[in-house]
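*Asks:* My structure file protein_13.txt, compact mmCIF, C-alpha atoms, is below:
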# COMPACT_ATOMS: atom_id res chain seq x y z
CA MET A 1 58.62 160.28 90.37
CA LYS A 2 61.37 157.87 91.32
CA SER A 3 63.92 156.29 89.03
CA LYS A 4 64.86 152.61 89.28
CA TYR A 5 68.29 151.04 89.48
CA MET A 6 68.43 147.31 88.88
CA ILE A 7 70.54 145.15 91.19
CA PRO A 8 71.62 141.61 90.22
CA ALA A 9 70.88 138.64 92.41
CA TYR A 10 73.43 137.35 94.90
CA LEU A 11 73.76 134.08 96.73
CA LEU A 12 73.98 134.96 100.38
CA MET A 13 71.91 135.01 103.52
CA ALA A 14 73.27 135.54 107.02
CA LEU A 15 72.13 133.29 109.85
CA PHE A 16 72.93 134.41 113.32
CA PHE A 17 72.96 132.50 116.59
CA PHE A 18 72.95 134.01 120.03
CA SER A 19 72.65 133.29 123.72
CA CYS A 20 71.17 136.26 125.54
CA GLN A 21 71.61 134.86 129.02
CA GLN A 22 75.38 134.58 128.60
CA ASN A 23 75.72 138.08 127.08
CA GLU A 24 76.35 136.61 123.63
CA SER A 25 73.37 138.30 121.99
CA SER A 26 74.50 140.56 119.19
CA SER A 27 73.16 143.77 117.72
CA ASP A 28 71.75 144.08 114.23
CA GLU A 29 75.35 144.83 113.32
CA ALA A 30 75.90 141.16 114.22
CA SER A 31 78.93 139.66 115.95
CA VAL A 32 81.65 137.97 113.90
CA GLU A 33 81.76 135.08 116.33
CA THR A 34 78.07 134.33 115.98
CA GLU A 35 77.74 134.85 112.26
CA LYS A 36 77.09 131.83 110.05
CA VAL A 37 76.67 132.21 106.30
CA ALA A 38 74.58 129.97 104.08
CA ALA A 39 73.69 130.32 100.42
CA GLU A 40 70.12 131.08 99.47
CA GLU A 41 68.98 132.55 96.19
CA THR A 42 67.34 135.97 96.42
CA GLU A 43 65.42 137.72 93.71
CA ALA A 44 66.80 140.80 91.98
CA GLY A 45 65.38 144.00 93.39
CA GLU A 46 64.86 147.57 92.30
CA LEU A 47 66.17 150.55 94.19
CA ASN A 48 63.95 153.57 94.66
CA ILE A 49 66.02 156.71 94.06
CA PRO A 50 64.84 160.36 94.06
CA GLU A 51 64.34 161.91 90.65
CA GLY A 52 67.48 163.44 89.19
CA PHE A 53 69.82 161.08 91.03
CA THR A 54 71.65 158.13 89.48
CA LEU A 55 73.23 155.18 91.26
CA SER A 56 75.90 153.22 89.41
CA ASP A 57 78.56 150.66 90.25
CA PHE A 58 81.89 152.22 91.23
CA ALA A 59 83.65 148.93 92.06
CA GLU A 60 83.14 145.36 93.16
CA VAL A 61 84.72 144.72 96.55
CA GLU A 62 83.81 141.62 98.52
CA ASN A 63 82.48 142.47 102.02
CA ALA A 64 83.01 146.22 101.41
CA ARG A 65 82.69 148.09 104.70
CA SER A 66 84.16 151.42 105.86
CA LEU A 67 85.48 153.93 103.33
CA ALA A 68 88.19 156.59 103.41
CA LEU A 69 89.50 159.06 100.80
CA SER A 70 92.92 160.55 100.15
CA PRO A 71 93.26 164.12 98.82
CA SER A 72 94.40 162.71 95.47
CA GLY A 73 91.25 160.60 95.14
CA THR A 74 92.31 157.10 96.20
CA VAL A 75 89.46 155.30 97.93
CA PHE A 76 90.37 152.89 100.73
CA VAL A 77 87.97 150.10 101.67
CA GLY A 78 87.99 148.06 104.87
CA THR A 79 86.30 144.70 105.27
CA ARG A 80 85.15 142.73 108.27
CA THR A 81 84.72 139.00 107.67
CA LEU A 82 87.05 138.97 104.63
CA GLY A 83 90.04 140.32 106.58
CA SER A 84 91.42 142.40 103.69
CA VAL A 85 91.96 146.10 102.94
CA PHE A 86 91.69 147.50 99.42
CA ALA A 87 92.54 150.65 97.48
CA LEU A 88 90.50 151.82 94.48
CA LYS A 89 91.47 154.39 91.83
CA ASP A 90 89.46 155.96 89.02
CA THR A 91 92.33 157.01 86.79
CA ASP A 92 90.30 157.99 83.71
CA GLY A 93 87.60 159.97 85.53
CA ASP A 94 84.66 157.97 84.20
CA GLY A 95 83.11 157.42 87.63
CA LYS A 96 84.25 153.80 87.91
CA ALA A 97 87.33 152.41 89.60
CA ASP A 98 89.70 150.95 87.01
CA GLU A 99 92.48 150.02 89.44
CA LYS A 100 92.04 147.84 92.52
CA TYR A 101 94.77 146.84 94.96
CA GLU A 102 94.65 144.44 97.90
CA LEU A 103 96.85 146.18 100.47
CA ALA A 104 96.60 143.58 103.24
CA LYS A 105 94.85 140.30 104.02
CA ASP A 106 94.32 137.89 106.90
CA LEU A 107 93.78 140.75 109.33
CA ASN A 108 91.47 140.62 112.35
CA SER A 109 88.25 142.33 111.17
CA PRO A 110 89.94 145.37 109.55
CA ASN A 111 86.66 147.27 109.37
CA GLY A 112 87.94 150.82 109.89
CA VAL A 113 90.17 152.85 107.57
CA ALA A 114 91.39 156.45 107.81
CA PHE A 115 93.92 158.50 105.85
CA LYS A 116 96.20 161.26 107.11
CA ASP A 117 99.38 162.91 105.83
CA GLY A 118 100.07 160.21 103.27
CA ASP A 119 99.56 157.31 105.64
CA LEU A 120 96.72 154.78 105.86
CA TYR A 121 95.45 153.78 109.31
CA VAL A 122 93.54 150.50 109.70
CA ALA A 123 91.58 149.37 112.76
CA GLU A 124 91.60 145.71 113.73
CA ILE A 125 89.63 144.59 116.78
CA ASN A 126 92.38 145.38 119.28
CA ARG A 127 95.03 147.17 117.18
CA ILE A 128 95.55 150.28 115.07
CA LEU A 129 97.90 149.70 112.13
CA LYS A 130 99.67 152.26 109.92
CA PHE A 131 100.80 151.82 106.30
CA THR A 132 103.32 154.59 105.65
CA ASN A 133 103.32 156.53 102.35
CA ILE A 134 100.74 154.11 101.03
CA GLU A 135 99.80 155.79 97.74
CA ALA A 136 103.35 155.53 96.46
CA ASN A 137 103.30 151.80 97.16
CA LEU A 138 99.85 150.54 96.21
CA ALA A 139 101.19 147.76 93.99
CA SER A 140 103.70 146.59 96.62
CA PRO A 141 102.38 147.74 100.01
CA PRO A 142 104.86 148.18 102.85
CA ALA A 143 104.69 146.17 106.03
CA PHE A 144 102.40 147.83 108.51
CA GLU A 145 103.46 149.44 111.77
CA VAL A 146 101.45 148.72 114.91
CA VAL A 147 100.48 152.13 116.29
CA TYR A 148 98.46 150.87 119.27
CA ASP A 149 97.58 147.35 120.42
CA GLU A 150 95.89 147.70 123.80
CA TYR A 151 92.23 147.89 122.82
CA PRO A 152 90.11 144.98 124.12
CA THR A 153 90.30 141.71 122.22
CA GLU A 154 86.60 140.77 122.52
CA GLY A 155 85.04 140.21 119.13
CA HIS A 156 81.50 141.09 120.22
CA HIS A 157 81.04 144.64 118.85
CA GLY A 158 84.82 144.71 118.55
CA TRP A 159 85.05 145.82 114.89
CA LYS A 160 85.74 149.54 114.58
CA TYR A 161 84.97 152.59 112.49
CA ILE A 162 87.78 155.15 112.72
CA ALA A 163 88.24 158.74 111.51
CA PHE A 164 90.49 161.72 112.14
CA GLY A 165 88.86 164.66 113.87
CA PRO A 166 89.46 168.40 113.37
CA ASP A 167 91.94 168.18 116.25
CA GLY A 168 94.16 165.81 114.24
CA LYS A 169 93.52 162.91 116.61
CA LEU A 170 92.26 159.48 115.59
CA TYR A 171 88.83 158.66 117.01
CA VAL A 172 88.28 154.98 117.82
CA PRO A 173 85.09 153.49 119.32
CA VAL A 174 85.02 150.48 121.63
CA GLY A 175 81.68 148.66 121.51
CA ALA A 176 79.97 146.94 124.42
CA PRO A 177 81.22 143.35 124.87
CA CYS A 178 77.64 142.06 125.08
CA ASN A 179 74.06 142.75 124.09
CA ILE A 180 73.35 144.44 127.43
CA CYS A 181 75.67 144.57 130.46
CA GLU A 182 77.68 146.79 132.74
CA SER A 183 81.37 146.67 131.85
CA ASP A 184 84.74 148.32 132.35
CA GLU A 185 85.04 152.00 131.46
CA ILE A 186 86.83 151.45 128.15
CA TYR A 187 83.80 149.64 126.70
CA ALA A 188 80.73 151.35 125.20
CA SER A 189 82.79 154.45 124.48
CA ILE A 190 84.45 156.60 121.85
CA THR A 191 88.15 157.11 122.47
CA ARG A 192 90.85 159.13 120.72
CA ILE A 193 94.61 158.75 120.37
CA ASN A 194 97.46 160.67 118.79
CA THR A 195 98.83 159.50 115.44
CA ASP A 196 101.71 157.76 117.24
CA GLY A 197 99.34 155.84 119.52
CA THR A 198 99.95 157.92 122.63
CA GLY A 199 97.49 159.92 124.71
CA LEU A 200 94.52 157.55 124.85
CA GLU A 201 91.48 159.24 126.36
CA ILE A 202 87.77 158.51 126.50
CA VAL A 203 85.73 161.18 124.73
CA ALA A 204 82.22 159.93 125.55
CA SER A 205 80.57 156.94 127.24
CA GLY A 206 77.27 155.06 127.27
CA ILE A 207 77.52 154.28 123.54
CA ARG A 208 76.57 150.66 122.85
CA ASN A 209 78.00 150.24 119.35
CA THR A 210 78.77 153.08 116.97
CA VAL A 211 80.07 152.14 113.52
CA GLY A 212 79.86 155.59 111.97
CA PHE A 213 80.46 159.23 112.91
CA ASP A 214 81.28 162.62 111.40
CA TRP A 215 81.91 166.19 112.48
CA ASN A 216 79.44 168.97 111.75
CA PRO A 217 81.40 171.25 109.37
CA GLU A 218 79.80 174.35 110.88
CA THR A 219 80.19 173.62 114.60
CA GLY A 220 82.97 171.02 114.72
CA GLU A 221 80.82 168.82 116.99
CA LEU A 222 81.01 165.05 116.65
CA TRP A 223 77.78 163.30 115.62
CA PHE A 224 77.48 159.52 115.70
CA THR A 225 75.05 156.66 115.06
CA ASP A 226 74.41 154.02 117.72
CA ASN A 227 72.83 150.57 117.47
CA GLY A 228 70.15 149.86 120.08
CA ARG A 229 70.11 146.71 122.19
CA ASP A 230 68.35 143.49 121.20
CA MET A 231 65.81 141.23 122.91
CA MET A 232 63.25 143.86 123.86
CA GLY A 233 60.90 143.12 120.95
CA ASP A 234 60.41 144.26 117.38
CA ASP A 235 59.84 147.95 118.06
CA ILE A 236 61.97 148.96 121.04
CA PRO A 237 64.44 150.29 121.83
CA PRO A 238 65.24 152.67 118.96
CA CYS A 239 68.59 153.05 117.27
CA GLU A 240 70.00 156.54 117.68
CA LEU A 241 71.69 159.57 116.12
CA ASN A 242 73.64 161.50 118.76
CA LYS A 243 75.77 164.63 119.14
CA ILE A 244 78.70 165.22 121.49
CA THR A 245 78.90 168.81 122.70
CA GLU A 246 81.59 168.35 125.34
CA LYS A 247 84.06 165.72 126.45
CA GLY A 248 82.87 163.26 129.08
CA GLN A 249 79.18 163.10 128.16
CA HIS A 250 77.26 159.86 128.79
CA PHE A 251 74.59 158.66 126.35
CA GLY A 252 72.72 156.17 128.51
CA TYR A 253 73.80 152.62 127.73
CA PRO A 254 73.14 150.21 129.47
CA TYR A 255 70.70 152.07 131.71
CA CYS A 256 68.55 154.06 129.29
CA HIS A 257 67.68 153.78 125.59
CA GLY A 258 66.35 156.37 123.17
CA GLY A 259 66.42 159.04 125.87
CA THR A 260 63.32 157.81 127.74
CA ILE A 261 63.25 153.99 127.90
CA ALA A 262 64.65 152.45 131.08
CA ASP A 263 66.42 149.16 130.47
CA PRO A 264 64.53 146.22 132.04
CA GLU A 265 67.74 144.84 133.55
CA PHE A 266 69.74 147.94 134.51
CA GLY A 267 67.29 150.84 134.33
CA ASP A 268 66.61 150.89 138.07
CA LYS A 269 70.24 151.85 138.76
CA ARG A 270 70.18 155.27 137.05
CA ASP A 271 67.55 157.65 135.70
CA CYS A 272 67.22 158.61 132.04
CA SER A 273 67.42 162.29 133.01
CA GLU A 274 71.11 161.80 133.83
CA PHE A 275 72.09 161.19 130.21
CA VAL A 276 72.35 163.08 126.93
CA PRO A 277 69.22 162.35 124.85
CA PRO A 278 69.48 161.45 121.16
CA MET A 279 69.19 164.01 118.39
CA PHE A 280 66.96 161.54 116.54
CA ASN A 281 65.55 158.06 117.19
CA TYR A 282 65.45 155.57 114.32
CA ASN A 283 63.19 152.53 114.14
CA ALA A 284 64.44 149.66 116.27
CA HIS A 285 66.79 147.20 114.53
CA THR A 286 67.45 149.41 111.48
CA ALA A 287 71.16 149.38 112.45
CA PRO A 288 72.40 152.82 111.34
CA LEU A 289 76.12 152.66 110.54
CA GLY A 290 78.10 155.08 108.37
CA MET A 291 77.03 158.74 108.19
CA LYS A 292 78.32 161.89 106.51
CA PHE A 293 77.40 165.56 106.50
CA TYR A 294 77.01 166.61 102.87
CA GLU A 295 79.29 169.53 101.97
CA GLY A 296 79.45 169.21 98.19
CA SER A 297 77.94 171.24 95.36
CA MET A 298 76.78 168.46 93.01
CA PHE A 299 73.47 167.86 94.79
CA PRO A 300 70.79 170.56 94.99
CA GLU A 301 71.48 173.36 97.48
CA GLU A 302 68.87 172.12 99.96
CA TYR A 303 71.00 169.02 100.62
CA LYS A 304 73.99 170.99 101.87
CA GLY A 305 74.55 170.43 105.57
CA ASP A 306 72.22 167.42 105.71
CA ILE A 307 73.38 163.98 106.85
CA PHE A 308 73.25 160.78 104.81
CA VAL A 309 73.05 157.64 106.96
CA ALA A 310 73.48 154.00 105.87
CA GLN A 311 71.08 151.64 107.64
CA HIS A 312 72.51 148.13 107.48
CA GLY A 313 69.20 146.47 108.36
CA SER A 314 67.79 144.06 110.92
CA TRP A 315 68.74 140.46 111.54
CA ASN A 316 66.48 139.33 114.41
CA ARG A 317 63.20 141.15 113.82
CA SER A 318 60.07 139.17 112.91
CA SER A 319 59.68 141.42 109.86
CA LYS A 320 62.88 142.89 108.40
CA ILE A 321 63.49 146.63 108.47
CA GLY A 322 66.22 149.02 107.33
CA TYR A 323 68.47 148.17 104.35
CA ARG A 324 68.35 151.76 103.08
CA ILE A 325 69.91 155.22 103.00
CA MET A 326 68.35 157.91 105.18
CA ARG A 327 68.51 161.67 104.69
CA MET A 328 68.54 163.73 107.89
CA SER A 329 67.65 167.40 107.39
CA VAL A 330 69.71 169.62 109.69
CA GLU A 331 68.96 173.26 110.48
CA ASN A 332 70.55 175.35 113.22
CA ASN A 333 72.48 172.31 114.40
CA GLU A 334 69.26 170.35 115.02
CA VAL A 335 67.61 167.50 113.10
CA THR A 336 64.35 168.76 111.63
CA LYS A 337 63.37 165.66 109.66
CA GLY A 338 64.50 162.15 108.88
CA GLU A 339 63.30 160.48 105.69
CA VAL A 340 64.12 157.49 103.51
CA PHE A 341 66.34 158.61 100.64
CA ILE A 342 67.11 155.31 98.87
CA ASP A 343 65.48 151.96 99.54
CA GLY A 344 64.66 148.76 97.69
CA TRP A 345 67.52 146.57 98.91
CA LEU A 346 64.78 144.97 100.97
CA ASN A 347 61.85 143.62 98.95
CA ASP A 348 58.98 144.30 101.34
CA SER A 349 56.61 141.81 99.71
CA ASN A 350 58.78 138.76 100.32
CA GLN A 351 61.43 140.12 102.71
CA HIS A 352 64.25 139.16 100.35
CA VAL A 353 67.47 141.16 100.73
CA SER A 354 69.73 142.16 97.82
CA GLY A 355 72.02 144.59 99.64
CA ARG A 356 73.04 146.05 103.01
CA PRO A 357 74.48 149.60 102.97
CA VAL A 358 77.38 150.13 105.38
CA ASP A 359 79.15 153.46 104.81
CA VAL A 360 78.90 156.67 102.81
CA LEU A 361 81.77 158.81 101.52
CA GLU A 362 81.69 162.19 99.79
CA MET A 363 84.03 162.50 96.81
CA ALA A 364 85.76 165.69 95.65
CA ASP A 365 83.18 166.25 92.89
CA GLY A 366 80.27 166.06 95.35
CA SER A 367 79.16 162.55 94.42
CA LEU A 368 78.64 159.97 97.18
CA LEU A 369 80.05 156.49 97.43
CA ILE A 370 78.01 153.85 99.29
CA SER A 371 79.53 150.53 100.38
CA ASP A 372 77.50 147.32 100.53
CA ASP A 373 79.00 144.33 102.33
CA PHE A 374 76.19 141.96 101.29
CA ALA A 375 76.28 142.64 97.55
CA GLY A 376 80.05 143.16 97.56
CA LYS A 377 79.86 146.55 95.86
CA VAL A 378 80.72 150.19 96.17
CA TYR A 379 78.09 152.34 94.45
CA ARG A 380 78.43 155.92 93.20
CA LEU A 381 75.51 158.34 93.62
CA THR A 382 75.41 161.36 91.32
CA TYR A 383 72.94 164.12 90.51
CA ASN A 384 72.21 165.22 86.95
In structure tokens, write the structure found in this file.

*Replies:*
Amino acid sequence: MKSKYMIPAYLLMALFFFSCQQNESSSDEASVETEKVAAEETEAGELNIPEGFTLSDFAEVENARSLALSPSGTVFVGTRTLGSVFALKDTDGDGKADEKYELAKDLNSPNGVAFKDGDLYVAEINRILKFTNIEANLASPPAFEVVYDEYPTEGHHGWKYIAFGPDGKLYVPVGAPCNICESDEIYASITRINTDGTGLEIVASGIRNTVGFDWNPETGELWFTDNGRDMMGDDIPPCELNKITEKGQHFGYPYCHGGTIADPEFGDKRDCSEFVPPMFNYNAHTAPLGMKFYEGSMFPEEYKGDIFVAQHGSWNRSSKIGYRIMRMSVENNEVTKGEVFIDGWLNDSNQHVSGRPVDVLEMADGSLLISDDFAGKVYRLTYN
């Protein structure tokens, strides 16, 4: 049996324009420069949720994107097209945010947020900002400090997901500046820097556009999602879930996709056997973004150690796909199964969209927050 969670209708549909020949084609996580928004009424949908689970509204946040949590329970929310950063607090413990603060506005796609030692770090397209002692100043945020400002300025795949690793360093991806192309070394990579902005180094390469990663709590290895290239048809190449086992690994872009598919433009330059294959291949154009290993105790024991992945959904496929939460079963540091955990944001009968999941965040009580930049919400998933 599956329970149903009703979602209200929203007036929004994204139209995207691209030019493949000039490297302006964008992934299903579409480029800010090419995004046009027009209003179109969509019908209310029903979410399909496994029995025993409940999804409720935690907060309304326009264009809610990446999420971060402080030890005291403050939830930070980045945005992309809105240009603002928010803080949410549930002061009465009822599972809904009752305080909301706008910490900054008019920023350059402040998608990524991360919290460390009392300070909030925010990723713009080419800069990392720091808001010192932020929780003591939510109502009157301090001016930010620019920690690092030498990342590329290209907007295409320029928005960033950021997180602090077990080594205390801030991990920052740099997406490819195109749909498919060879580019300078800094692009299509995951980098890391110290908290003061020093010590930039490339951790891994051949990563077209990751907008979500997490560390396996048992092994400490970094796992990440990656959006596959466009303009090869509805069903190839796949989007990917990958694992970094050592610094300097290359994951194939732009030469090889999904571990076995040579790129039609660049595949003759290098062989797929040279690169690290994915841990799991998702359907093409599903656009997997935020992901988290589940470590809590609220959900049944069999969920512990599994990964929840937000699939943002397609934009240029003849029939839409994605718009859902996936559960990846992990045993012995390997993916044993990938299955749809929550869907219904996409109405399959008429292809109407009511939501697009972006990120997932585990709270101290073991519940999960899910951001949705289309519906402008942060949901809370609990288990009874």

*Asks:* Find the residues of range 87-178 of chain A that sit at most 12 Å from range 224-237 of chain A; for each, write down the nearest two atoms and how far apart they are in Å, to one decimal. Count only C-alpha atoms. Sort by chain, then by number going up, and give it as CSV.

*Replies:*
residue,atom,partner,partner_atom,distance
A:His157,CA,A:Asn227,CA,10.2
A:Tyr161,CA,A:Phe224,CA,10.7
A:Ile162,CA,A:Phe224,CA,11.6
A:Ala163,CA,A:Phe224,CA,11.6
A:Tyr171,CA,A:Phe224,CA,11.5
A:Val172,CA,A:Phe224,CA,11.9
A:Pro173,CA,A:Phe224,CA,10.4
A:Val174,CA,A:Asp226,CA,11.8
A:Gly175,CA,A:Asp226,CA,9.8
A:Ala176,CA,A:Arg229,CA,10.1
A:Pro177,CA,A:Arg229,CA,11.9
A:Cys178,CA,A:Arg229,CA,9.3

*Asks:* List the spatial neighbours of range 345-357 of chain A as a short mmCIF file (atom, residue, chain, number, x, y, z; two decimals) with C-alpha atoms, in the coordinates of the input - criterion: any atom at most 6 Å away, all atoms listed in the file, same-chain residues fewer than 6 positions off excluded.

*Replies:*
data_model
loop_
_atom_site.label_atom_id
_atom_site.label_comp_id
_atom_site.auth_asym_id
_atom_site.auth_seq_id
_atom_site.Cartn_x
_atom_site.Cartn_y
_atom_site.Cartn_z
CA THR A 42 67.34 135.97 96.42
CA ALA A 310 73.48 154.00 105.87
CA HIS A 312 72.51 148.13 107.48
CA TYR A 323 68.47 148.17 104.35
CA SER A 371 79.53 150.53 100.38
CA ASP A 372 77.50 147.32 100.53
CA PHE A 374 76.19 141.96 101.29
CA ALA A 375 76.28 142.64 97.55
#

*Asks:* For range 132-145 of chain A, list every protein, DNA or RNA residue within 7 Å, evaluated using only C-alpha atoms, and leave out those in the same chain fewer than 3 positions away; present the list as JSON, numbers by chain.

*Replies:* {"A": [101, 103, 118, 119, 120, 129]}

*Asks:* For Glu339 in chain A, list every protein, DNA or RNA residue within 12 Å, evaluated using all atoms listed in the file, and leave out those in the same chain fewer than 4 positions away; present the list as a PDB file with C-alpha atoms, in the frame of the given file.

*Replies:*
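Final output, out.pdb:
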ATOM      1  CA  PRO A  50      64.840 160.360  94.060  1.00  0.00           C
ATOM      2  CA  PHE A 280      66.960 161.540 116.540  1.00  0.00           C
ATOM      3  CA  ASN A 281      65.550 158.060 117.190  1.00  0.00           C
ATOM      4  CA  TYR A 282      65.450 155.570 114.320  1.00  0.00           C
ATOM      5  CA  ASN A 283      63.190 152.530 114.140  1.00  0.00           C
ATOM      6  CA  ASP A 306      72.220 167.420 105.710  1.00  0.00           C
ATOM      7  CA  ILE A 307      73.380 163.980 106.850  1.00  0.00           C
ATOM      8  CA  PHE A 308      73.250 160.780 104.810  1.00  0.00           C
ATOM      9  CA  VAL A 309      73.050 157.640 106.960  1.00  0.00           C
ATOM     10  CA  GLN A 311      71.080 151.640 107.640  1.00  0.00           C
ATOM     11  CA  GLY A 322      66.220 149.020 107.330  1.00  0.00           C
ATOM     12  CA  ARG A 324      68.350 151.760 103.080  1.00  0.00           C
ATOM     13  CA  ILE A 325      69.910 155.220 103.000  1.00  0.00           C
ATOM     14  CA  MET A 326      68.350 157.910 105.180  1.00  0.00           C
ATOM     15  CA  ARG A 327      68.510 161.670 104.690  1.00  0.00           C
ATOM     16  CA  MET A 328      68.540 163.730 107.890  1.00  0.00           C
ATOM     17  CA  SER A 329      67.650 167.400 107.390  1.00  0.00           C
ATOM     18  CA  VAL A 330      69.710 169.620 109.690  1.00  0.00           C
ATOM     19  CA  VAL A 335      67.610 167.500 113.100  1.00  0.00           C
ATOM     20  CA  ASP A 343      65.480 151.960  99.540  1.00  0.00           C
TER      21      ASP A 343
END

*Asks:* For a quick check of understanding, using all atoms listed in the file, which of A:Leu368, A:Val360, A:Cys181, A:Ala114 has the smallest distance to Ser297 in chain A?

*Replies:*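 Ranked by minimum distance to Ser297 in chain A, first place goes to A:Leu368.
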
*Asks:* Fewer than 5 positions away in the same chain doesn't count, so skip those; otherwise give me all residues within 12 Å of Ile186 in chain A, counting all atoms listed in the file, as a list in words.

*Replies:* Glu150, Tyr151, Pro152, Thr153, Gly158, Val172, Pro173, Val174, Gly175, Ala176, Pro177, Thr191, Arg192, Leu200, Glu201, Ile202, Val203, Ala204, Ser205, Gly206, Ile207 and Arg208 of chain A

*Asks:* Between A:Asn242, A:Ser189, A:Asn126, A:Thr91, which one has atoms that come closest to Val146 in chain A, using all atoms listed in the file?

*Replies:*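 The shortest atom-to-atom distance to Val146 in chain A comes from A:Asn126.
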
*Asks:* I'd like to know which of A:Gly112, A:Phe341, A:Ile180, A:Lys243 is closest to Leu47 in chain A, using all atoms listed in the file.

*Replies:*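 Closest to Leu47 in chain A of all the choices is A:Phe341.
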
*Asks:* Of the residues A:Met291, A:Leu361, A:Ala104, A:Val85, which is the one nearest to Ala68 in chain A, using only C-alpha atoms?

*Replies:*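 Smallest separation from Ala68 in chain A among the options: A:Leu361.
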
*Asks:* Given the choices A:Asn209, A:Ser70, A:Gln249, A:Asn179, which gets closest to Pro277 in chain A if the distance is worked out from all atoms listed in the file?

*Replies:*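 Closest residue, counting all atoms listed in the file: A:Gln249.
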
*Asks:* Looking at A:Phe131, A:Asn216, A:Ala188, A:Thr210, which one is nearest to Gly165 in chain A, with distances taken over only C-alpha atoms?

*Replies:*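 For Gly165 in chain A, the nearest of the candidates is A:Asn216.
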
*Asks:* At what distance in Å, to one decimal, does CA of Leu369 in chain A lie from CA of Gly78 in chain A?

*Replies:*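 Atom-to-atom, CA of Gly78 in chain A and CA of Leu369 in chain A are spaced 13.8 Å apart.
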
*Asks:* Please measure the separation of CA of Lys116 in chain A and CA of Trp215 in chain A, giving the value in Å to one decimal.

*Replies:* 16.0 Å

*Asks:* Using CA of Trp159 in chain A and CA of Ile125 in chain A as the two end points, give the distance in Å to one decimal.

*Replies:* 5.1 Å

*Asks:* Take every atom of range 339-346 of chain A listed in the file, pad by 5 Å on each side, and give me the axis-aligned box centre and edge lengths in Å, one decimal, as lines of an AutoDock Vina configuration file.

*Replies:*
center_x = 65.4
center_y = 152.7
center_z = 101.7
size_x = 14.2
size_y = 25.5
size_z = 18.0

*Asks:* Env of Glu62 in chain A: 8 Å cut, atoms = all atoms listed in the file, seq-sep filter 6 positions within chain, self excluded. Answer as JSON, numbers by chain.

*Replies:* {"A": [79, 82, 373, 375, 376, 377]}

*Asks:* Keeping only C-alpha atoms, take the residues you just selected and write them out as an mmCIF file, in the frame of the given file.

*Replies:*
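Result saved to selection_15.cif:
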data_model
loop_
_atom_site.group_PDB
_atom_site.id
_atom_site.type_symbol
_atom_site.label_atom_id
_atom_site.label_comp_id
_atom_site.auth_asym_id
_atom_site.auth_seq_id
_atom_site.Cartn_x
_atom_site.Cartn_y
_atom_site.Cartn_z
ATOM 1 C CA THR A 79 86.300 144.700 105.270
ATOM 2 C CA LEU A 82 87.050 138.970 104.630
ATOM 3 C CA ASP A 373 79.000 144.330 102.330
ATOM 4 C CA ALA A 375 76.280 142.640 97.550
ATOM 5 C CA GLY A 376 80.050 143.160 97.560
ATOM 6 C CA LYS A 377 79.860 146.550 95.860
#
